[in-house]
$ cat structure.cif   # mmCIF, C-alpha atoms and all ligand atoms
data_final
#
loop_
_atom_site.label_atom_id
_atom_site.label_comp_id
_atom_site.auth_asym_id
_atom_site.auth_seq_id
_atom_site.Cartn_x
_atom_site.Cartn_y
_atom_site.Cartn_z
CA MET A 30 142.92 -105.41 249.07
CA ASP A 31 142.05 -101.71 248.93
CA PHE A 32 144.23 -101.01 245.92
CA LEU A 33 141.94 -103.19 243.79
CA LYS A 34 139.12 -100.66 244.25
CA PRO A 35 138.96 -98.12 241.44
CA ARG A 36 139.83 -94.61 242.48
CA TYR A 37 139.72 -91.85 239.89
CA ILE A 38 142.73 -89.57 239.60
CA PRO A 39 142.45 -86.92 236.86
CA MET A 40 145.13 -87.45 234.18
CA ASN A 41 146.70 -84.01 234.66
CA ARG A 42 147.12 -84.51 238.43
CA ARG A 43 149.02 -87.76 238.12
CA ARG A 44 152.72 -87.91 238.78
CA ARG A 45 154.70 -89.28 235.83
CA ILE A 46 157.30 -91.74 237.11
CA TYR A 47 158.92 -92.81 233.84
CA GLU A 48 158.41 -92.41 230.11
CA GLY A 49 159.70 -95.07 227.72
CA LYS A 50 159.40 -95.41 223.95
CA ALA A 51 155.98 -97.12 223.95
CA LYS A 52 154.69 -96.69 227.51
CA ILE A 53 154.40 -94.18 230.36
CA LEU A 54 154.35 -95.11 234.05
CA TYR A 55 152.32 -92.93 236.43
CA GLU A 56 152.01 -93.21 240.18
CA GLY A 57 149.29 -95.68 241.13
CA THR A 58 146.13 -95.37 243.16
CA GLU A 59 147.75 -96.96 246.25
CA PRO A 60 151.31 -97.21 247.54
CA GLY A 61 153.22 -99.98 245.79
CA THR A 62 151.23 -99.64 242.57
CA LEU A 63 151.78 -97.84 239.26
CA ILE A 64 149.64 -97.13 236.21
CA GLN A 65 151.10 -98.42 232.95
CA HIS A 66 149.88 -96.36 229.96
CA PHE A 67 150.25 -97.73 226.41
CA LYS A 68 151.10 -95.09 223.79
CA ASP A 69 150.54 -95.36 220.04
CA ASP A 70 154.23 -94.65 219.37
CA ALA A 71 156.14 -97.29 217.43
CA THR A 72 159.94 -97.26 217.38
CA ALA A 73 162.57 -99.58 215.96
CA PHE A 74 166.34 -99.76 215.64
CA ASN A 75 166.79 -98.02 219.00
CA ALA A 76 164.27 -95.31 218.09
CA LYS A 77 166.07 -94.30 214.87
CA LYS A 78 162.78 -95.15 213.15
CA ARG A 79 159.57 -93.84 214.71
CA GLU A 80 155.91 -93.36 213.88
CA VAL A 81 152.59 -92.93 215.65
CA ILE A 82 150.20 -95.74 214.75
CA ASP A 83 146.61 -94.95 215.80
CA GLY A 84 145.14 -97.72 217.94
CA LYS A 85 148.34 -99.70 218.62
CA GLY A 86 148.39 -98.80 222.33
CA VAL A 87 144.79 -99.87 222.85
CA LEU A 88 145.41 -103.25 221.21
CA ASN A 89 148.65 -103.90 223.13
CA ASN A 90 146.94 -103.00 226.42
CA ARG A 91 144.19 -105.56 225.76
CA ILE A 92 146.47 -108.31 224.41
CA SER A 93 149.00 -107.89 227.23
CA GLU A 94 146.17 -107.89 229.82
CA TYR A 95 144.92 -111.19 228.42
CA ILE A 96 148.36 -112.82 228.39
CA PHE A 97 149.28 -111.63 231.91
CA ASN A 98 145.92 -112.86 233.25
CA GLN A 99 146.54 -116.26 231.65
CA LEU A 100 150.06 -116.39 233.12
CA ASN A 101 148.81 -115.35 236.58
CA GLY A 102 146.28 -118.16 236.19
CA ILE A 103 148.98 -120.84 235.80
CA GLY A 104 150.94 -119.46 238.75
CA VAL A 105 153.55 -117.37 236.94
CA PRO A 106 154.00 -114.34 239.21
CA THR A 107 153.55 -111.02 237.35
CA HIS A 108 153.26 -107.33 238.10
CA PHE A 109 149.76 -107.17 236.55
CA LEU A 110 146.77 -106.33 238.75
CA ARG A 111 143.98 -105.20 236.42
CA ARG A 112 143.16 -103.15 233.36
CA ILE A 113 141.77 -99.70 234.19
CA ASN A 114 140.69 -98.37 230.81
CA MET A 115 141.41 -98.57 227.06
CA ARG A 116 145.07 -97.59 227.43
CA GLU A 117 145.97 -98.23 231.06
CA GLN A 118 146.50 -100.99 233.56
CA LEU A 119 147.24 -101.04 237.28
CA ILE A 120 150.48 -102.86 238.07
CA ARG A 121 152.57 -103.55 241.15
CA GLU A 122 155.64 -101.38 241.47
CA VAL A 123 158.74 -103.53 241.01
CA GLU A 124 162.45 -102.89 240.74
CA ILE A 125 163.14 -103.59 237.07
CA ILE A 126 166.13 -105.84 236.39
CA PRO A 127 168.05 -104.09 233.59
CA LEU A 128 167.88 -107.06 231.19
CA GLU A 129 165.86 -107.90 228.10
CA VAL A 130 165.36 -111.66 228.17
CA VAL A 131 164.76 -113.00 224.66
CA VAL A 132 163.42 -116.52 224.10
CA ARG A 133 163.77 -117.94 220.58
CA ASN A 134 162.12 -121.01 219.04
CA VAL A 135 162.67 -120.27 215.36
CA ALA A 136 165.52 -118.43 213.62
CA ALA A 137 164.56 -114.80 212.91
CA GLY A 138 165.67 -111.22 213.45
CA SER A 139 169.07 -110.47 214.95
CA LEU A 140 169.88 -114.18 215.41
CA VAL A 141 169.70 -114.67 211.65
CA THR A 142 171.97 -111.67 211.05
CA ARG A 143 174.44 -112.57 213.81
CA LEU A 144 174.86 -116.28 213.02
CA GLY A 145 173.93 -116.39 209.33
CA LEU A 146 170.99 -118.75 209.83
CA GLU A 147 168.09 -119.35 207.50
CA GLU A 148 165.03 -117.38 208.60
CA GLY A 149 162.12 -119.59 209.68
CA LYS A 150 164.22 -122.64 210.60
CA GLN A 151 163.15 -124.35 213.83
CA LEU A 152 166.03 -124.10 216.33
CA PRO A 153 167.45 -127.38 217.74
CA ARG A 154 166.07 -126.24 221.08
CA SER A 155 164.69 -123.03 222.56
CA ILE A 156 167.42 -120.49 223.20
CA ILE A 157 167.45 -117.83 225.93
CA GLU A 158 169.52 -114.69 225.41
CA PHE A 159 170.18 -111.72 227.67
CA TYR A 160 170.56 -108.13 226.51
CA HIS A 161 171.54 -105.31 228.84
CA LYS A 162 168.81 -102.64 228.90
CA SER A 163 170.63 -99.50 227.80
CA ASP A 164 169.29 -97.13 225.16
CA ALA A 165 172.68 -95.37 225.06
CA LEU A 166 174.38 -98.64 224.04
CA GLY A 167 171.53 -100.06 221.92
CA ASP A 168 170.80 -102.98 224.30
CA PRO A 169 173.98 -105.08 223.80
CA LEU A 170 173.93 -108.90 224.04
CA VAL A 171 175.54 -109.97 227.33
CA THR A 172 176.42 -113.24 229.07
CA GLU A 173 175.72 -114.46 232.61
CA GLU A 174 179.31 -113.48 233.44
CA HIS A 175 178.56 -109.82 232.63
CA ILE A 176 175.26 -109.95 234.51
CA THR A 177 176.76 -111.24 237.75
CA ALA A 178 180.05 -109.30 237.50
CA PHE A 179 178.24 -105.98 237.10
CA GLY A 180 175.59 -106.90 239.68
CA TRP A 181 172.54 -106.62 237.39
CA ALA A 182 171.26 -109.91 238.85
CA ASN A 183 172.75 -112.65 241.03
CA PRO A 184 173.05 -116.35 240.01
CA GLN A 185 169.88 -117.33 241.94
CA GLU A 186 167.93 -114.56 240.20
CA ILE A 187 169.26 -115.66 236.79
CA ASP A 188 168.10 -119.23 237.57
CA ASP A 189 164.63 -117.97 238.54
CA ILE A 190 164.42 -115.83 235.40
CA MET A 191 165.42 -118.74 233.14
CA ALA A 192 162.95 -121.13 234.80
CA LEU A 193 160.13 -118.58 234.40
CA ALA A 194 161.13 -117.81 230.79
CA ILE A 195 160.98 -121.53 229.88
CA ARG A 196 157.56 -121.96 231.55
CA ILE A 197 156.23 -118.85 229.83
CA ASN A 198 157.56 -120.06 226.47
CA ASP A 199 155.95 -123.50 226.83
CA PHE A 200 152.63 -121.98 227.84
CA LEU A 201 152.54 -119.19 225.25
CA THR A 202 153.64 -121.51 222.42
CA GLY A 203 150.52 -123.60 223.08
CA LEU A 204 148.27 -120.61 223.64
CA PHE A 205 149.22 -119.02 220.31
CA LEU A 206 149.20 -122.35 218.44
CA GLY A 207 145.57 -122.76 219.50
CA ALA A 208 144.93 -119.40 217.78
CA GLY A 209 146.69 -120.46 214.56
CA ILE A 210 149.81 -118.44 215.40
CA ARG A 211 153.45 -119.61 215.54
CA LEU A 212 155.43 -118.05 218.41
CA ILE A 213 158.82 -117.41 216.78
CA ASP A 214 160.51 -115.43 219.58
CA PHE A 215 159.73 -112.84 222.23
CA LYS A 216 161.24 -110.49 224.78
CA LEU A 217 160.51 -110.47 228.52
CA GLU A 218 161.43 -108.14 231.35
CA PHE A 219 161.49 -109.10 235.01
CA GLY A 220 161.38 -107.15 238.25
CA ARG A 221 161.99 -107.64 241.96
CA LEU A 222 158.81 -107.50 244.01
CA TRP A 223 159.45 -106.74 247.67
CA GLU A 224 156.97 -108.05 250.23
CA GLY A 225 158.43 -107.05 253.60
CA ASP A 226 161.85 -108.69 253.78
CA MET A 227 160.94 -111.20 251.10
CA MET A 228 161.76 -110.67 247.43
CA ARG A 229 160.29 -112.48 244.43
CA ILE A 230 161.17 -112.26 240.75
CA VAL A 231 158.03 -111.43 238.75
CA LEU A 232 157.27 -110.89 235.08
CA ALA A 233 156.93 -107.16 234.31
CA ASP A 234 156.52 -104.82 231.30
CA GLU A 235 154.24 -106.20 228.55
CA VAL A 236 153.77 -109.19 226.26
CA SER A 237 152.22 -108.05 222.98
CA PRO A 238 152.83 -108.12 219.21
CA ASP A 239 155.32 -105.28 219.91
CA THR A 240 157.51 -107.68 221.91
CA CYS A 241 156.90 -111.01 220.13
CA ARG A 242 157.36 -112.39 216.62
CA LEU A 243 154.06 -114.01 215.63
CA TRP A 244 153.58 -115.75 212.27
CA ASP A 245 150.31 -117.09 210.91
CA THR A 246 150.71 -120.90 211.05
CA ARG A 247 148.98 -121.37 207.69
CA THR A 248 150.29 -118.49 205.56
CA GLY A 249 153.48 -117.51 207.44
CA ASP A 250 152.27 -113.88 207.44
CA LYS A 251 153.90 -111.65 210.04
CA MET A 252 151.41 -110.46 212.70
CA ASP A 253 153.82 -108.40 214.84
CA LYS A 254 156.02 -105.28 214.96
CA ASP A 255 158.14 -106.56 212.06
CA ARG A 256 155.29 -105.10 209.92
CA PHE A 257 156.56 -101.68 211.08
CA ARG A 258 160.29 -102.55 211.20
CA LYS A 259 160.18 -103.87 207.61
CA ASP A 260 157.63 -101.33 206.23
CA LEU A 261 155.10 -104.05 205.41
CA GLY A 262 152.06 -101.92 206.42
CA GLY A 263 148.86 -103.29 207.96
CA LEU A 264 150.13 -103.28 211.56
CA VAL A 265 146.84 -102.38 213.23
CA GLU A 266 144.99 -104.94 211.12
CA ALA A 267 147.52 -107.64 212.12
CA TYR A 268 147.37 -106.76 215.86
CA THR A 269 143.56 -106.68 215.65
CA GLU A 270 143.61 -110.16 214.13
CA VAL A 271 145.88 -111.43 216.96
CA ALA A 272 143.44 -109.94 219.50
CA ARG A 273 140.44 -111.41 217.68
CA ARG A 274 141.98 -114.90 217.49
CA LEU A 275 142.86 -114.82 221.20
CA GLY A 276 139.21 -113.93 221.88
CA VAL A 277 140.23 -110.61 223.41
CA LEU A 278 137.92 -108.34 221.41
CA GLY A 279 134.24 -108.37 222.32
CA GLU A 280 131.55 -108.91 219.68
CA ASN A 281 130.81 -105.23 219.04
CA GLU A 282 134.51 -104.30 219.09
CA ARG A 283 135.29 -106.47 216.09
CA PRO A 284 136.68 -104.43 213.22
CA SER A 285 133.99 -103.93 210.60
CA GLY A 286 134.69 -106.24 207.70
CA PRO A 287 132.58 -107.07 204.68
CA VAL A 288 128.95 -107.63 205.67
CA LEU A 289 126.85 -110.23 203.91
CA VAL A 290 123.73 -108.53 202.62
CA GLN A 291 120.81 -110.92 202.44
P1 LIG B 301 165.73 -109.49 217.73
O1 LIG B 301 165.68 -110.65 216.80
O2 LIG B 301 165.67 -108.16 217.02
O3 LIG B 301 166.90 -109.57 218.67
O4 LIG B 301 164.41 -109.54 218.63
C1 LIG B 301 164.09 -110.67 219.39
C2 LIG B 301 162.69 -110.51 219.98
O5 LIG B 301 162.67 -109.47 220.93
C3 LIG B 301 161.60 -110.17 218.97
O6 LIG B 301 160.44 -110.89 219.30
C4 LIG B 301 161.37 -108.70 219.15
C5 LIG B 301 161.72 -108.47 220.59
N1 LIG B 301 162.36 -107.17 220.82
C6 LIG B 301 161.77 -106.27 221.71
O7 LIG B 301 160.71 -106.54 222.28
N2 LIG B 301 162.41 -105.09 221.94
C7 LIG B 301 163.58 -104.75 221.35
O8 LIG B 301 164.11 -103.66 221.60
C8 LIG B 301 164.17 -105.70 220.43
C9 LIG B 301 165.46 -105.38 219.73
C10 LIG B 301 163.51 -106.90 220.22
#

$ encode --input "structure.cif" --output "structure tokens"
Amino acid sequence: MDFLKPRYIPMNRRRRIYEGKAKILYEGTEPGTLIQHFKDDATAFNAKKREVIDGKGVLNNRISEYIFNQLNGIGVPTHFLRRINMREQLIREVEIIPLEVVVRNVAAGSLVTRLGLEEGKQLPRSIIEFYHKSDALGDPLVTEEHITAFGWANPQEIDDIMALAIRINDFLTGLFLGAGIRLIDFKLEFGRLWEGDMMRIVLADEVSPDTCRLWDTRTGDKMDKDRFRKDLGGLVEAYTEVARRLGVLGENERPSGPVLVQ
């Protein structure tokens, strides 16, 4: 597995493959790999609102690394290979399926607005929604009919995606609960990984407080990107706390808090 060996490519010599709102993809160190770079940029409402939040990219890189490693560990196939540095990870190159797959456990966000539900109410069961990835259209909600009719994914692929989404939800709900965090909802992206003639659906993109709603189980405090969307402030502190509770930050990386003087 040669591509697992570190090989240094100076930043300015790398080929940029794609730039999104919060991440950049560069060509990888070996064929079939890419480097995923986490920026500090925060956007909401289809980038109508934007800000640079120092340190967000570093935290998302670490939190997403941890979650993808955990998922790889329970046999959920993902694009993640390894973290390279503070802001970057080596991933397998996949063909991204143009869908945002949202899993919801508790009423919040656009579901509350669309259906007039009470925020914070446990849903009768977990709900999976599909949105078509299109910045031009603001990621519209779509049904399986649209997905198959327009060829974004076939019925077998939709089945695989839903089965993976349910497994990921069950696992992450428990993982976060163990850290005193309620997993309200989250967004996933999947890709096609080609291995010769064989194709597998794998989890791609990132799983971080940018792409999840995370509420403190005790206080109900929001520990996710809603802090930015709703101008609540304290985003880096909240993401740092998520990382700390997951055990992602090392001892000397802990944010300096009050020190007991003896
Ligand atoms: P929503 O309630 O705004 O539809 O969001 C559902 C979940 O998806 C929430 O955890 C935030 C996440 N999300 C993204 O990751 N990217 C997006 O562009 C949007 C709109 C939501």

$ atom_distance --input "structure.cif" --atom1 "atom CA of Val271 of chain A" --atom2 "atom CA of Phe97 of chain A"
15.3 Å

$ residues_near_ligand --input "structure.cif" --ligand "ligand LIG 301 (chain B)" --cutoff "6 Å" --atoms "all atoms listed in the file" --output "list in words"
Val131, Ala137, Gly138, Ser139, Leu140, Asp214, Phe215, Lys216, Thr240, Cys241 and Arg242 of chain A

$ residues_around --input "structure.cif" --residues "segment 156-173 of chain A" --least-positions-apart "2" --cutoff "8 Å" --atoms "all atoms listed in the file" --output "PyMOL selection string"
chain A and resi 75+127-134+152+154+175-177+187+191+194

$ write_last_selection --input "structure.cif" --atoms "C-alpha atoms" --output "PDB file, in the frame of the given file"
ATOM      1  CA  ASN A  75     166.790 -98.020 219.000  1.00  0.00           C
ATOM      2  CA  PRO A 127     168.050-104.090 233.590  1.00  0.00           C
ATOM      3  CA  LEU A 128     167.880-107.060 231.190  1.00  0.00           C
ATOM      4  CA  GLU A 129     165.860-107.900 228.100  1.00  0.00           C
ATOM      5  CA  VAL A 130     165.360-111.660 228.170  1.00  0.00           C
ATOM      6  CA  VAL A 131     164.760-113.000 224.660  1.00  0.00           C
ATOM      7  CA  VAL A 132     163.420-116.520 224.100  1.00  0.00           C
ATOM      8  CA  ARG A 133     163.770-117.940 220.580  1.00  0.00           C
ATOM      9  CA  ASN A 134     162.120-121.010 219.040  1.00  0.00           C
ATOM     10  CA  LEU A 152     166.030-124.100 216.330  1.00  0.00           C
ATOM     11  CA  ARG A 154     166.070-126.240 221.080  1.00  0.00           C
ATOM     12  CA  HIS A 175     178.560-109.820 232.630  1.00  0.00           C
ATOM     13  CA  ILE A 176     175.260-109.950 234.510  1.00  0.00           C
ATOM     14  CA  THR A 177     176.760-111.240 237.750  1.00  0.00           C
ATOM     15  CA  ILE A 187     169.260-115.660 236.790  1.00  0.00           C
ATOM     16  CA  MET A 191     165.420-118.740 233.140  1.00  0.00           C
ATOM     17  CA  ALA A 194     161.130-117.810 230.790  1.00  0.00           C
TER      18      ALA A 194
END

$ residues_around --input "structure.cif" --residues "segment 48-55 of chain A" --least-positions-apart "2" --cutoff "9 Å" --atoms "all atoms listed in the file" --output "ChimeraX atom specification"
/A:43-46,57,63-72,76,86

$ closest_residue --input "structure.cif" --among "A:Leu232, A:Gly279, A:Val135, A:Phe179" --to "Trp244 of chain A" --atoms "only C-alpha atoms"
A:Val135

$ atom_distance --input "structure.cif" --atom1 "atom CA of Gly249 of chain A" --atom2 "atom CA of Ser237 of chain A"
18.2 Å

$ closest_residue --input "structure.cif" --among "A:Glu122, A:Glu80, A:Glu147, A:Asp188" --to "Leu222 of chain A" --atoms "only C-alpha atoms"
A:Glu122

$ atom_distance --input "structure.cif" --atom1 "atom CA of Leu212 of chain A" --atom2 "atom CA of Leu110 of chain A"
25.0 Å

$ residues_around --input "structure.cif" --residues "Ala208 of chain A" --least-positions-apart "5" --cutoff "12 Å" --atoms "all atoms listed in the file" --output "list in words"
Leu201, Thr202, Gly203, Leu243, Trp244, Asp245, Thr246, Arg247, Glu270, Val271, Ala272, Arg273, Arg274, Leu275, Gly276 and Val277 of chain A

$ closest_residue --input "structure.cif" --among "A:Thr58, A:Asn90, A:Thr248, A:Ser155" --to "Ile210 of chain A" --atoms "only C-alpha atoms"
A:Thr248

$ residues_around --input "structure.cif" --residues "Pro238 of chain A" --least-positions-apart "4" --cutoff "10 Å" --atoms "all atoms listed in the file" --output "PyMOL selection string"
chain A and resi 85+88-89+92-93+215+242-243+251-255+264+267-268+271-272

$ closest_residue --input "structure.cif" --among "A:Phe74, A:Phe200, A:Phe205, A:Tyr47" --to "Lys259 of chain A" --atoms "all atoms listed in the file"
A:Phe74
